[in-house]
file target_2.txt (compact mmCIF, C-alpha atoms)
# COMPACT_ATOMS: atom_id res chain seq x y z
CA MET O 1 0.00 0.00 0.00
CA LYS O 2 2.87 2.36 0.81
CA LYS O 3 4.16 2.07 -2.75
CA LYS O 4 0.71 2.79 -4.11
CA ILE O 5 0.30 5.90 -1.93
CA LYS O 6 3.71 7.14 -3.01
CA PHE O 7 2.84 6.61 -6.66
CA LEU O 8 -0.42 8.53 -6.22
CA LEU O 9 1.33 11.38 -4.45
CA VAL O 10 3.95 11.61 -7.20
CA PHE O 11 1.11 11.81 -9.71
CA ALA O 12 -0.68 14.43 -7.61
CA LEU O 13 2.51 16.48 -7.63
CA PHE O 14 2.90 16.07 -11.38
CA PHE O 15 -0.67 17.15 -12.11
CA ALA O 16 -0.55 20.06 -9.68
CA SER O 17 2.70 21.24 -11.29
CA LEU O 18 1.38 20.73 -14.81
CA GLY O 19 -1.80 22.66 -14.00
CA GLY O 20 0.17 25.46 -12.39
CA GLY O 21 2.66 25.51 -15.26
CA LEU O 22 -0.03 25.69 -17.94
CA LEU O 23 -1.92 28.35 -16.01
CA HIS O 24 1.25 30.36 -15.78
CA TYR O 25 2.10 29.84 -19.43
CA LYS O 26 -1.36 31.07 -20.37
CA VAL O 27 -0.90 34.24 -18.36
CA HIS O 28 2.49 35.07 -19.82
CA PRO O 29 4.50 32.76 -22.03
CA PHE O 30 8.27 32.52 -22.04
CA VAL O 31 9.61 36.05 -21.80
CA LYS O 32 12.94 36.37 -23.53
CA VAL O 33 14.25 39.32 -21.59
CA GLY O 34 15.35 39.63 -17.99
CA TYR O 35 13.90 37.28 -15.44
CA GLY O 36 11.27 35.80 -17.82
CA TRP O 37 13.10 32.50 -18.18
CA VAL O 38 12.93 31.82 -14.42
CA PRO O 39 9.23 30.81 -14.13
CA PHE O 40 9.50 28.90 -17.41
CA ILE O 41 12.57 26.86 -16.43
CA VAL O 42 11.44 26.34 -12.83
CA GLY O 43 8.06 25.24 -14.22
CA LEU O 44 9.66 22.70 -16.54
CA ILE O 45 11.85 21.34 -13.74
CA THR O 46 8.94 20.96 -11.32
CA ILE O 47 6.66 19.35 -13.91
CA PHE O 48 9.03 16.87 -15.52
CA ILE O 49 12.01 16.36 -13.25
CA VAL O 50 10.94 16.77 -9.61
CA PRO O 51 8.15 14.10 -9.65
CA VAL O 52 10.60 11.60 -11.18
CA LEU O 53 13.26 12.48 -8.59
CA PHE O 54 10.67 11.97 -5.84
CA TYR O 55 9.92 8.50 -7.12
CA PHE O 56 13.43 7.16 -6.54
CA LYS O 57 14.74 6.91 -3.01
CA LYS O 58 18.26 7.84 -4.09
CA THR O 59 17.13 11.24 -5.37
CA LEU O 60 14.48 11.86 -2.72
CA ASN O 61 16.46 14.56 -0.90
CA LEU O 62 17.23 16.42 -4.10
CA ALA O 63 13.55 16.33 -5.07
CA TYR O 64 12.53 17.55 -1.61
CA LEU O 65 14.98 20.48 -1.85
CA LEU O 66 14.07 21.44 -5.43
CA ASN O 67 10.35 21.22 -4.68
CA GLY O 68 10.63 23.31 -1.51
CA PHE O 69 12.77 26.02 -3.07
CA ALA O 70 10.58 26.18 -6.18
CA VAL O 71 7.59 26.82 -3.90
CA ILE O 72 9.55 29.50 -2.04
CA ILE O 73 10.57 31.29 -5.28
CA GLY O 74 6.97 31.17 -6.51
CA THR O 75 5.63 32.45 -3.21
CA ILE O 76 8.00 35.41 -3.04
CA THR O 77 7.62 36.51 -6.67
CA MET O 78 3.84 36.06 -6.72
CA ALA O 79 3.51 37.88 -3.38
CA HIS O 80 5.49 40.75 -4.92
CA PHE O 81 3.20 40.67 -7.96
CA SER O 82 0.13 40.56 -5.68
CA LEU O 83 1.24 43.64 -3.79
CA VAL O 84 2.07 45.67 -6.91
CA ILE O 85 -0.18 44.58 -9.79
CA ARG O 86 -3.13 42.41 -8.77
CA PRO O 87 -3.79 39.85 -6.04
CA LEU O 88 -2.58 36.30 -6.68
CA TRP O 89 -3.03 35.00 -3.14
CA PRO O 90 -5.20 32.01 -4.21
CA ASP O 91 -2.44 30.93 -6.61
CA ILE O 92 0.11 31.12 -3.80
CA LEU O 93 -2.13 28.95 -1.62
CA LEU O 94 -2.43 26.39 -4.41
CA LEU O 95 1.34 26.40 -4.76
CA TRP O 96 1.71 25.41 -1.12
CA SER O 97 -0.31 22.27 -1.80
CA LYS O 98 2.71 21.17 -3.85
CA PHE O 99 4.92 21.73 -0.86
CA ALA O 100 2.62 19.61 1.29
CA ILE O 101 2.55 16.80 -1.29
CA GLY O 102 6.36 16.87 -1.53
CA ARG O 103 6.73 16.71 2.23
CA ALA O 104 4.20 13.89 2.39
CA ILE O 105 6.26 11.82 -0.07
CA PHE O 106 9.43 12.63 1.85
CA CYS O 107 7.96 11.65 5.23
CA LEU O 108 6.41 8.51 3.75
CA GLU O 109 9.84 7.36 2.59
CA VAL O 110 11.95 8.52 5.53
CA TYR O 111 9.87 7.79 8.63
CA PRO O 112 8.06 4.59 9.61
CA LEU O 113 4.32 5.11 9.03
CA ASP O 114 3.29 4.92 12.69
CA SER O 115 6.21 6.90 14.11
CA SER O 116 6.04 10.35 15.68
CA PRO O 117 9.61 11.67 15.82
CA LYS O 118 10.36 14.16 18.58
CA VAL O 119 12.48 17.00 17.28
CA LYS O 120 13.75 19.59 19.72
CA GLY O 121 15.74 22.81 19.85
CA TRP O 122 18.14 23.68 17.08
CA ASN O 123 17.08 20.66 15.02
CA LEU O 124 13.64 22.21 14.53
CA ILE O 125 15.09 24.64 12.00
CA ARG O 126 17.53 22.20 10.42
CA TYR O 127 17.02 20.07 7.34
CA PRO O 128 14.62 18.33 6.75
CA GLN O 129 12.23 19.79 9.35
CA LEU O 130 9.50 22.29 8.53
CA GLY O 131 11.41 25.01 10.40
CA PHE O 132 14.17 24.74 7.78
CA TRP O 133 11.67 25.86 5.15
CA PHE O 134 10.28 28.72 7.24
CA VAL O 135 13.80 30.01 7.88
CA HIS O 136 14.61 29.81 4.18
CA LEU O 137 11.35 31.47 3.18
CA ALA O 138 12.16 34.35 5.53
CA ALA O 139 15.81 34.55 4.43
CA TRP O 140 15.00 34.44 0.70
CA SER O 141 12.35 37.12 1.21
CA VAL O 142 14.85 39.41 2.91
CA VAL O 143 17.48 38.86 0.18
CA TYR O 144 14.84 39.40 -2.54
CA ILE O 145 13.67 42.66 -0.92
CA LEU O 146 17.28 43.85 -0.59
CA GLY O 147 17.87 43.13 -4.30
CA ASN O 148 14.66 44.90 -5.23
CA LEU O 149 15.25 47.99 -3.12
CA PHE O 150 18.99 48.55 -3.23
CA TRP O 151 20.32 47.00 -6.46
CA ARG O 152 19.37 49.51 -9.11
CA MET E 1 18.28 11.50 10.26
CA ASN E 2 18.35 11.64 6.55
CA LYS E 3 21.19 14.01 5.64
CA ILE E 4 22.45 14.89 2.23
CA LYS E 5 26.10 14.02 2.55
CA TYR E 6 27.08 14.87 -1.00
CA LEU E 7 25.78 18.42 -0.65
CA LYS E 8 27.65 19.17 2.60
CA PRO E 9 30.99 20.17 1.04
CA LEU E 10 29.04 22.49 -1.26
CA TRP E 11 27.26 24.30 1.62
CA TRP E 12 29.05 27.63 1.09
CA VAL E 13 28.90 27.46 -2.69
CA LEU E 14 25.15 26.72 -2.64
CA HIS E 15 24.47 29.58 -0.24
CA ILE E 16 26.50 32.09 -2.24
CA VAL E 17 24.88 30.99 -5.52
CA ALA E 18 21.41 31.17 -3.92
CA ILE E 19 22.02 34.62 -2.43
CA VAL E 20 23.33 36.03 -5.73
CA PHE E 21 20.43 34.46 -7.65
CA VAL E 22 17.75 35.79 -5.29
CA LEU E 23 19.38 39.23 -5.15
CA TRP E 24 19.43 39.29 -8.96
CA LEU E 25 15.80 38.14 -9.07
CA GLY E 26 14.75 40.97 -6.75
CA HIS E 27 16.79 43.39 -8.82
CA SER E 28 15.46 42.31 -12.21
CA ILE E 29 11.78 41.98 -11.36
CA LYS E 30 10.27 45.45 -11.60
CA PHE E 31 6.52 45.18 -11.81

call {"tool": "encode", "arguments": {"input": "target_2.txt", "output": "structure tokens"}}
result
Amino acid sequence: MKKKIKFLLVFALFFASLGGGLLHYKVHPFVKVGYGWVPFIVGLITIFIVPVLFYFKKTLNLAYLLNGFAVIIGTITMAHFSLVIRPLWPDILLLWSKFAIGRAIFCLEVYPLDSSPKVKGWNLIRYPQLGFWFVHLAAWSVVYILGNLFWR
Amino acid sequence: MNKIKYLKPLWWVLHIVAIVFVLWLGHSIKF
């Protein structure tokens, strides 16, 4: 059953990424100047590469990292867009479902199904705990804001 | 705990690359 659940979750991730990618492509296709390649390339990676990497145990960590950071990039840039142009908050919420699916696959593979690991102190913000992602979301946001405000 | 051993020696490189990339992203996106 575990294998079946994993397979379904990988598919859920693929479809969520494909839907998000197509939605994004519809809004604005590959932009040749400036940052326009970023959503396109990140989209391709998360649709075609990350689900495959999640499927194999050997590349599970890489998939977990790529998936998490792709969600963080999307969150920061879409939040910026939401504040300046028009609100995209529902899209950001949908994006976080991909994070949850990725973490579910990771936990399914790494921890025994009926375990409840106790993580304390410093380890709460270290890989692969949720705190690691919150710290990186905050850090990437700060760096992004610095780039936006001070690098002219 | 599941650690990524092969990425450990690259810790500094990854952080510098990530910081430069995110700084550049913030710089280049002007809505």

call {"tool": "closest_atom_pairs", "arguments": {"input": "target_2.txt", "of": "chain E", "to": "chain O", "cutoff": "6 Å", "atoms": "all atoms listed in the file", "output": "tab-separated table"}}
result
residue	atom	partner	partner_atom	distance
E:Val22	CA	O:Tyr144	CA	5.4
E:Leu23	CA	O:Gly147	CA	4.3
E:Gly26	CA	O:Asn148	CA	4.2
E:His27	CA	O:Asn148	CA	4.4

call {"tool": "residues_around", "arguments": {"input": "target_2.txt", "residues": "O:Gly102", "least_positions_apart": "4", "cutoff": "10 Å", "atoms": "all atoms listed in the file", "output": "mmCIF file with C-alpha atoms, in the coordinates of the input"}}
result
data_model
loop_
_atom_site.group_PDB
_atom_site.id
_atom_site.type_symbol
_atom_site.label_atom_id
_atom_site.label_comp_id
_atom_site.auth_asym_id
_atom_site.auth_seq_id
_atom_site.Cartn_x
_atom_site.Cartn_y
_atom_site.Cartn_z
ATOM 1 C CA LEU O 9 1.330 11.380 -4.450
ATOM 2 C CA VAL O 10 3.950 11.610 -7.200
ATOM 3 C CA ALA O 12 -0.680 14.430 -7.610
ATOM 4 C CA LEU O 13 2.510 16.480 -7.630
ATOM 5 C CA VAL O 50 10.940 16.770 -9.610
ATOM 6 C CA PRO O 51 8.150 14.100 -9.650
ATOM 7 C CA PHE O 54 10.670 11.970 -5.840
ATOM 8 C CA LEU O 60 14.480 11.860 -2.720
ATOM 9 C CA ALA O 63 13.550 16.330 -5.070
ATOM 10 C CA TYR O 64 12.530 17.550 -1.610
ATOM 11 C CA LEU O 65 14.980 20.480 -1.850
ATOM 12 C CA LEU O 66 14.070 21.440 -5.430
ATOM 13 C CA ASN O 67 10.350 21.220 -4.680
ATOM 14 C CA GLY O 68 10.630 23.310 -1.510
ATOM 15 C CA TRP O 96 1.710 25.410 -1.120
ATOM 16 C CA SER O 97 -0.310 22.270 -1.800
ATOM 17 C CA LYS O 98 2.710 21.170 -3.850
ATOM 18 C CA PHE O 106 9.430 12.630 1.850
ATOM 19 C CA CYS O 107 7.960 11.650 5.230
ATOM 20 C CA LEU O 108 6.410 8.510 3.750
#

call {"tool": "atom_distance", "arguments": {"input": "target_2.txt", "atom1": "atom CA of E:Val13", "atom2": "atom CA of O:Gly121"}}
result
26.5 Å

call {"tool": "atom_distance", "arguments": {"input": "target_2.txt", "atom1": "atom CA of O:Ser17", "atom2": "atom CA of O:Ile47"}}
result
5.1 Å

call {"tool": "axis_aligned_box", "arguments": {"input": "target_2.txt", "around": "stretch 18-28 of chain E", "padding_each_side": "8 Å", "output": "JSON"}}
result
{"center_x": 19.0, "center_y": 37.3, "center_z": -7.3, "size_x": 24.6, "size_y": 28.2, "size_z": 25.8}

call {"tool": "atom_distance", "arguments": {"input": "target_2.txt", "atom1": "atom CA of O:Ala138", "atom2": "atom CA of O:Ile125"}}
result
12.0 Å

call {"tool": "residues_around", "arguments": {"input": "target_2.txt", "residues": "O:Leu23", "least_positions_apart": "2", "cutoff": "12 Å", "atoms": "all atoms listed in the file", "output": "PyMOL selection string"}}
result
chain O and resi 15-21+25-29+39-40+43+91+94-95

call {"tool": "decode", "arguments": {"input": "target_2.txt", "residues": "chain E", "atoms": "C-alpha atoms", "output": "PDB file, in the first residue's frame"}}
result
ATOM      1  CA  MET E   1      18.276  11.502  10.261  1.00  0.00           C
ATOM      2  CA  ASN E   2      18.353  11.638   6.547  1.00  0.00           C
ATOM      3  CA  LYS E   3      21.187  14.008   5.641  1.00  0.00           C
ATOM      4  CA  ILE E   4      22.453  14.893   2.233  1.00  0.00           C
ATOM      5  CA  LYS E   5      26.101  14.017   2.548  1.00  0.00           C
ATOM      6  CA  TYR E   6      27.079  14.866  -1.001  1.00  0.00           C
ATOM      7  CA  LEU E   7      25.782  18.422  -0.646  1.00  0.00           C
ATOM      8  CA  LYS E   8      27.647  19.166   2.599  1.00  0.00           C
ATOM      9  CA  PRO E   9      30.986  20.172   1.043  1.00  0.00           C
ATOM     10  CA  LEU E  10      29.040  22.489  -1.258  1.00  0.00           C
ATOM     11  CA  TRP E  11      27.258  24.296   1.615  1.00  0.00           C
ATOM     12  CA  TRP E  12      29.045  27.632   1.094  1.00  0.00           C
ATOM     13  CA  VAL E  13      28.899  27.456  -2.689  1.00  0.00           C
ATOM     14  CA  LEU E  14      25.153  26.725  -2.636  1.00  0.00           C
ATOM     15  CA  HIS E  15      24.470  29.581  -0.242  1.00  0.00           C
ATOM     16  CA  ILE E  16      26.498  32.091  -2.241  1.00  0.00           C
ATOM     17  CA  VAL E  17      24.880  30.994  -5.521  1.00  0.00           C
ATOM     18  CA  ALA E  18      21.414  31.168  -3.925  1.00  0.00           C
ATOM     19  CA  ILE E  19      22.022  34.622  -2.426  1.00  0.00           C
ATOM     20  CA  VAL E  20      23.333  36.026  -5.732  1.00  0.00           C
ATOM     21  CA  PHE E  21      20.426  34.464  -7.654  1.00  0.00           C
ATOM     22  CA  VAL E  22      17.745  35.786  -5.291  1.00  0.00           C
ATOM     23  CA  LEU E  23      19.382  39.226  -5.152  1.00  0.00           C
ATOM     24  CA  TRP E  24      19.426  39.294  -8.959  1.00  0.00           C
ATOM     25  CA  LEU E  25      15.798  38.140  -9.072  1.00  0.00           C
ATOM     26  CA  GLY E  26      14.754  40.967  -6.747  1.00  0.00           C
ATOM     27  CA  HIS E  27      16.791  43.393  -8.818  1.00  0.00           C
ATOM     28  CA  SER E  28      15.463  42.305 -12.207  1.00  0.00           C
ATOM     29  CA  ILE E  29      11.777  41.980 -11.361  1.00  0.00           C
ATOM     30  CA  LYS E  30      10.269  45.446 -11.604  1.00  0.00           C
ATOM     31  CA  PHE E  31       6.522  45.178 -11.811  1.00  0.00           C
TER      32      PHE E  31
END
